[in-house]
Amino acid sequence: MSSHSLSSGILLGMAFFFSHAELGAQVTAPSTSPVIDTSTPKAEQAPALSKLSALGVEPDWSKLVVYAETMTKAQFESAWRDIYAEANAMPPPFQIKDTAITVPTGQTKSAQIIIPFLPNGEKAKTNPKPFWRRARDLPVLGKRPPLSDLVIAIDPGHIGGAYAAMEERLLSFKAGESIREGDLSLITAKILKERLVALGAVATLVRETSEPVTKKRPEDFQKEALSVLTDAGFPTPAPTYSGLTGDAKVLTVQWQSEKLFYRVSEIHARAERVNQQIKPDVVLCLHFNAEAWGDATSPQFSPQNHFHVLVNGCYAPVEMQQQDVRFQMLQRLLSRAHEEEIPLASAVAKGMSQVTGLPAYVYTTANARHAGENEYVYARNLLANRLYECPVVYLEPFVMNHEETYRRLLCEHFLGRTLIGGKLTTSAIEDYVRGIVKGLLSYYQTNRPS
Ligand SMILES: [Zn+2]
């Protein structure tokens, strides 16, 4: 699952808005840079636009300088309008002028950054090279296995194991049996890795065990958790949630500090591994979806079963007010990650839908929008697909509390068919792996030089 669908809602929107004004501004851009404006910020815009996301750090805006005159105004506007903005876009917190965009940095020293557009009809003089490669830029394949040279990071969603209950990703309909999303994603990831390596790819797991990647633990975030609750208007929250449920549980220091650990700090640690060590051409984030199952001690089955794939986009105005989020969105847009990410996600979605036969999930909320032509592909601003600085295909197949799916997942991975609930059935995990492989093969065989 990618969202908080299992937990109650009060703080969901608020939990990520820390004020880190006390950290002070640091713009490390050289003062001679033509695109950094060192004027004083307008007093009224500085406070709102200087916020940081939870555990976020002040961005180095000078990193965007390399994108000066690499993208035309029309290219920028269509990416913003069709992918990165919400469907009913509010005006962005940056100005799109004829020759450049002007972005408030939220920092006090250099109030804004100006990124000039590539004039129409001109060829870009520079070509910023991110660490990832498009299919068309991979070496000629020749007679080698079809995914040769491709560097793939496989990110098994969540932590699982002893952390699954804390993550609210443990589901049990009967004493003595349970499924944990983090364990299922890891089993899937290991099998997927074998298949991809056999096809020539260099595949690495972002997490190899049911232990966190982050070195931090919930107790390290007590202060931040208290500040989240104070900012949300609850200055004297209960320290622990023992005996509490629903909103009362969410409004405790324990629940908030655990979430900062398993959601925010964990994804930051994985992002460092992806961006600094693995440097892949694509990240595959593996999840299993669920419908609301109510109280974890007496969960409910859902008649629904579905699938969708997420790409990065659909930034809410309130998210764009955070300086790190604003920077990361622009870095993604200007690096043209979407130009590879959306067609790749569409191909994987097609492979998955063919193998699993699952119908497309339909979002009814404003936090997601369709991206590209494939009905399974939606854009959402998730921490993982925003922080990983390369194309990310984020998969959400299967509803874990759909009864037949639950029983299939209890059987974990097997080949062929087995009798489940009186019906000969394939392994959901095997179908998951085959769907991804089918999609990747189709995409790279079509798009890389042969
Ligand atoms: Zn998940």
# chains A, B, ... in the order shown; residues from 1 in each chain; ligands from 1
$ residues_near_ligand --ligand "ligand 1" --cutoff "6 Å" --atoms "only C-alpha atoms and all ligand atoms" --output "list in words"
Met1, Ser2, Gly157, His287 and Phe288 of chain A
$ closest_atom_pairs --of "stretch 310-367 of chain A" --to "stretch 373-389 of chain A" --cutoff "8 Å" --atoms "only C-alpha atoms" --output "CSV"
residue,atom,partner,partner_atom,distance
A:Leu310,CA,A:Tyr378,CA,5.0
A:Val311,CA,A:Ala379,CA,4.7
A:Asn312,CA,A:Ala379,CA,5.1
A:Gly313,CA,A:Ala379,CA,4.7
A:Cys314,CA,A:Arg380,CA,5.2
A:Tyr315,CA,A:Asn381,CA,5.8
A:Gln328,CA,A:Arg386,CA,6.6
A:Met329,CA,A:Arg386,CA,7.1
A:Arg332,CA,A:Glu389,CA,7.2
A:Ile342,CA,A:Val377,CA,7.9
A:Ala345,CA,A:Val377,CA,7.0
A:Ser346,CA,A:Asn374,CA,5.8
A:Ala349,CA,A:Tyr376,CA,6.3
A:Lys350,CA,A:Asn374,CA,7.9
A:Ala360,CA,A:Tyr376,CA,5.1
A:Tyr361,CA,A:Tyr376,CA,6.9
A:Asn367,CA,A:Arg380,CA,6.3
$ write_last_selection --atoms "C-alpha atoms" --output "PDB file, in the first residue's frame"
ATOM      1  CA  LEU A 310       2.282   4.997  -9.880  1.00  0.00           C
ATOM      2  CA  VAL A 311       4.638   7.495 -11.449  1.00  0.00           C
ATOM      3  CA  ASN A 312       5.718  10.767  -9.891  1.00  0.00           C
ATOM      4  CA  GLY A 313       3.528  13.845 -10.286  1.00  0.00           C
ATOM      5  CA  CYS A 314       0.293  15.475  -9.096  1.00  0.00           C
ATOM      6  CA  TYR A 315       1.856  17.841  -6.546  1.00  0.00           C
ATOM      7  CA  GLN A 328      12.721  17.910  -5.988  1.00  0.00           C
ATOM      8  CA  MET A 329       9.709  18.343  -8.242  1.00  0.00           C
ATOM      9  CA  ARG A 332      12.511  15.652 -11.712  1.00  0.00           C
ATOM     10  CA  ILE A 342       5.728   7.082 -17.933  1.00  0.00           C
ATOM     11  CA  ALA A 345       5.450   2.297 -16.299  1.00  0.00           C
ATOM     12  CA  SER A 346       2.854   1.916 -19.071  1.00  0.00           C
ATOM     13  CA  ALA A 349       1.319  -2.019 -16.422  1.00  0.00           C
ATOM     14  CA  LYS A 350       0.423  -3.729 -19.688  1.00  0.00           C
ATOM     15  CA  ALA A 360      -7.570  -1.008 -13.053  1.00  0.00           C
ATOM     16  CA  TYR A 361      -8.026   0.750  -9.729  1.00  0.00           C
ATOM     17  CA  ASN A 367      -4.037  13.292  -4.870  1.00  0.00           C
TER      18      ASN A 367
END
$ atom_distance --atom1 "atom CA of A:Thr72" --atom2 "atom CA of A:Pro116"
8.8 Å
$ atom_distance --atom1 "atom CA of A:Val282" --atom2 "atom CA of A:Ala153"
6.4 Å
$ closest_residue --among "A:Glu122, A:Asp137, A:Asp155, A:Glu219" --to "A:Pro449" --atoms "only C-alpha atoms"
A:Asp137
$ decode --residues "stretch 192-327 of chain A" --atoms "C-alpha atoms" --output "mmCIF file, in the first residue's frame"
data_model
loop_
_atom_site.group_PDB
_atom_site.id
_atom_site.type_symbol
_atom_site.label_atom_id
_atom_site.label_comp_id
_atom_site.auth_asym_id
_atom_site.auth_seq_id
_atom_site.Cartn_x
_atom_site.Cartn_y
_atom_site.Cartn_z
ATOM 1 C CA LEU A 192 12.228 -11.068 -9.530
ATOM 2 C CA LYS A 193 15.954 -10.412 -9.060
ATOM 3 C CA GLU A 194 16.840 -13.967 -10.128
ATOM 4 C CA ARG A 195 14.747 -13.683 -13.288
ATOM 5 C CA LEU A 196 16.141 -10.254 -14.218
ATOM 6 C CA VAL A 197 19.742 -11.357 -13.666
ATOM 7 C CA ALA A 198 19.093 -14.426 -15.868
ATOM 8 C CA LEU A 199 17.964 -11.982 -18.582
ATOM 9 C CA GLY A 200 21.247 -10.057 -18.336
ATOM 10 C CA ALA A 201 20.289 -7.190 -15.998
ATOM 11 C CA VAL A 202 22.337 -5.954 -13.043
ATOM 12 C CA ALA A 203 19.682 -6.142 -10.313
ATOM 13 C CA THR A 204 20.123 -5.040 -6.694
ATOM 14 C CA LEU A 205 17.695 -5.137 -3.782
ATOM 15 C CA VAL A 206 17.370 -1.860 -1.886
ATOM 16 C CA ARG A 207 16.440 -3.911 1.221
ATOM 17 C CA GLU A 208 17.613 -7.537 1.590
ATOM 18 C CA THR A 209 16.119 -8.512 4.972
ATOM 19 C CA SER A 210 13.132 -7.749 7.209
ATOM 20 C CA GLU A 211 15.201 -5.127 8.999
ATOM 21 C CA PRO A 212 15.107 -1.352 8.433
ATOM 22 C CA VAL A 213 17.645 0.312 6.154
ATOM 23 C CA THR A 214 17.627 3.416 8.372
ATOM 24 C CA LYS A 215 19.821 3.334 11.473
ATOM 25 C CA LYS A 216 17.273 5.433 13.361
ATOM 26 C CA ARG A 217 14.483 4.022 15.524
ATOM 27 C CA PRO A 218 11.121 5.476 16.700
ATOM 28 C CA GLU A 219 12.612 6.750 19.954
ATOM 29 C CA ASP A 220 14.919 9.009 17.911
ATOM 30 C CA PHE A 221 11.882 10.978 16.691
ATOM 31 C CA GLN A 222 10.077 11.829 19.935
ATOM 32 C CA LYS A 223 10.887 15.517 19.654
ATOM 33 C CA GLU A 224 9.810 15.736 15.988
ATOM 34 C CA ALA A 225 6.622 13.785 16.736
ATOM 35 C CA LEU A 226 5.707 16.165 19.538
ATOM 36 C CA SER A 227 6.343 19.114 17.242
ATOM 37 C CA VAL A 228 4.098 17.599 14.516
ATOM 38 C CA LEU A 229 1.276 17.267 17.035
ATOM 39 C CA THR A 230 1.866 20.703 18.554
ATOM 40 C CA ASP A 231 1.828 22.322 15.092
ATOM 41 C CA ALA A 232 -1.442 20.501 14.368
ATOM 42 C CA GLY A 233 -3.024 22.003 17.498
ATOM 43 C CA PHE A 234 -2.450 19.174 19.989
ATOM 44 C CA PRO A 235 0.250 20.487 22.371
ATOM 45 C CA THR A 236 -0.264 17.882 25.144
ATOM 46 C CA PRO A 237 -0.633 14.526 23.364
ATOM 47 C CA ALA A 238 -0.647 11.142 25.117
ATOM 48 C CA PRO A 239 2.837 9.579 25.031
ATOM 49 C CA THR A 240 1.729 6.051 24.058
ATOM 50 C CA TYR A 241 -1.240 4.463 22.286
ATOM 51 C CA SER A 242 -1.743 1.375 24.440
ATOM 52 C CA GLY A 243 -5.510 0.831 24.679
ATOM 53 C CA LEU A 244 -6.275 3.547 22.105
ATOM 54 C CA THR A 245 -7.708 3.153 18.595
ATOM 55 C CA GLY A 246 -8.626 5.338 15.622
ATOM 56 C CA ASP A 247 -7.887 9.057 15.809
ATOM 57 C CA ALA A 248 -6.924 8.841 19.486
ATOM 58 C CA LYS A 249 -4.114 6.446 18.520
ATOM 59 C CA VAL A 250 -2.916 8.706 15.705
ATOM 60 C CA LEU A 251 -2.745 11.650 18.120
ATOM 61 C CA THR A 252 -0.023 10.110 20.266
ATOM 62 C CA VAL A 253 3.708 10.769 20.308
ATOM 63 C CA GLN A 254 4.318 7.032 19.899
ATOM 64 C CA TRP A 255 2.258 6.677 16.682
ATOM 65 C CA GLN A 256 3.772 9.793 15.134
ATOM 66 C CA SER A 257 7.368 8.872 16.053
ATOM 67 C CA GLU A 258 6.876 5.359 14.695
ATOM 68 C CA LYS A 259 5.564 6.770 11.431
ATOM 69 C CA LEU A 260 8.527 9.132 11.119
ATOM 70 C CA PHE A 261 10.759 6.068 11.584
ATOM 71 C CA TYR A 262 9.175 3.452 9.298
ATOM 72 C CA ARG A 263 7.857 5.784 6.638
ATOM 73 C CA VAL A 264 9.975 8.924 6.450
ATOM 74 C CA SER A 265 13.415 8.053 7.844
ATOM 75 C CA GLU A 266 13.326 4.624 6.180
ATOM 76 C CA ILE A 267 12.591 6.057 2.731
ATOM 77 C CA HIS A 268 15.273 8.729 3.176
ATOM 78 C CA ALA A 269 17.802 5.961 3.962
ATOM 79 C CA ARG A 270 16.702 3.954 0.913
ATOM 80 C CA ALA A 271 16.941 7.053 -1.265
ATOM 81 C CA GLU A 272 20.539 7.512 -0.190
ATOM 82 C CA ARG A 273 21.278 3.902 -1.159
ATOM 83 C CA VAL A 274 19.550 4.331 -4.531
ATOM 84 C CA ASN A 275 21.044 7.714 -5.424
ATOM 85 C CA GLN A 276 24.559 7.324 -3.981
ATOM 86 C CA GLN A 277 25.355 3.606 -4.314
ATOM 87 C CA ILE A 278 23.137 1.734 -6.763
ATOM 88 C CA LYS A 279 22.553 4.590 -9.268
ATOM 89 C CA PRO A 280 20.094 2.487 -11.287
ATOM 90 C CA ASP A 281 18.463 3.123 -14.649
ATOM 91 C CA VAL A 282 15.120 2.358 -13.012
ATOM 92 C CA VAL A 283 13.736 1.540 -9.557
ATOM 93 C CA LEU A 284 10.900 -0.968 -9.214
ATOM 94 C CA CYS A 285 8.976 -0.343 -5.968
ATOM 95 C CA LEU A 286 7.028 -3.479 -5.058
ATOM 96 C CA HIS A 287 3.864 -3.197 -2.971
ATOM 97 C CA PHE A 288 0.613 -5.049 -2.404
ATOM 98 C CA ASN A 289 -2.523 -2.954 -2.115
ATOM 99 C CA ALA A 290 -5.438 -3.277 0.315
ATOM 100 C CA GLU A 291 -8.891 -1.880 0.844
ATOM 101 C CA ALA A 292 -9.758 -0.557 4.297
ATOM 102 C CA TRP A 293 -10.002 -3.605 6.581
ATOM 103 C CA GLY A 294 -11.161 -1.873 9.745
ATOM 104 C CA ASP A 295 -9.880 -2.960 13.136
ATOM 105 C CA ALA A 296 -6.700 -5.036 12.714
ATOM 106 C CA THR A 297 -7.910 -7.468 15.401
ATOM 107 C CA SER A 298 -11.094 -8.286 13.437
ATOM 108 C CA PRO A 299 -10.381 -7.331 9.809
ATOM 109 C CA GLN A 300 -12.941 -7.335 7.013
ATOM 110 C CA PHE A 301 -12.648 -8.915 3.558
ATOM 111 C CA SER A 302 -13.258 -6.683 0.537
ATOM 112 C CA PRO A 303 -15.016 -7.871 -2.650
ATOM 113 C CA GLN A 304 -12.613 -5.726 -4.685
ATOM 114 C CA ASN A 305 -9.360 -6.741 -6.300
ATOM 115 C CA HIS A 306 -7.419 -4.392 -8.563
ATOM 116 C CA PHE A 307 -4.080 -3.056 -9.731
ATOM 117 C CA HIS A 308 -2.412 0.253 -10.582
ATOM 118 C CA VAL A 309 1.051 1.673 -11.217
ATOM 119 C CA LEU A 310 2.282 4.997 -9.880
ATOM 120 C CA VAL A 311 4.638 7.495 -11.449
ATOM 121 C CA ASN A 312 5.718 10.767 -9.891
ATOM 122 C CA GLY A 313 3.528 13.845 -10.286
ATOM 123 C CA CYS A 314 0.293 15.475 -9.096
ATOM 124 C CA TYR A 315 1.856 17.841 -6.546
ATOM 125 C CA ALA A 316 -0.643 19.623 -4.292
ATOM 126 C CA PRO A 317 -0.212 23.384 -3.781
ATOM 127 C CA VAL A 318 0.417 22.841 -0.072
ATOM 128 C CA GLU A 319 3.213 20.359 -0.911
ATOM 129 C CA MET A 320 4.759 22.823 -3.356
ATOM 130 C CA GLN A 321 5.073 25.350 -0.517
ATOM 131 C CA GLN A 322 7.774 23.154 1.043
ATOM 132 C CA GLN A 323 11.139 24.205 -0.330
ATOM 133 C CA ASP A 324 12.642 20.709 -0.533
ATOM 134 C CA VAL A 325 9.536 19.314 -2.268
ATOM 135 C CA ARG A 326 9.458 22.254 -4.697
ATOM 136 C CA PHE A 327 13.119 21.690 -5.517
#
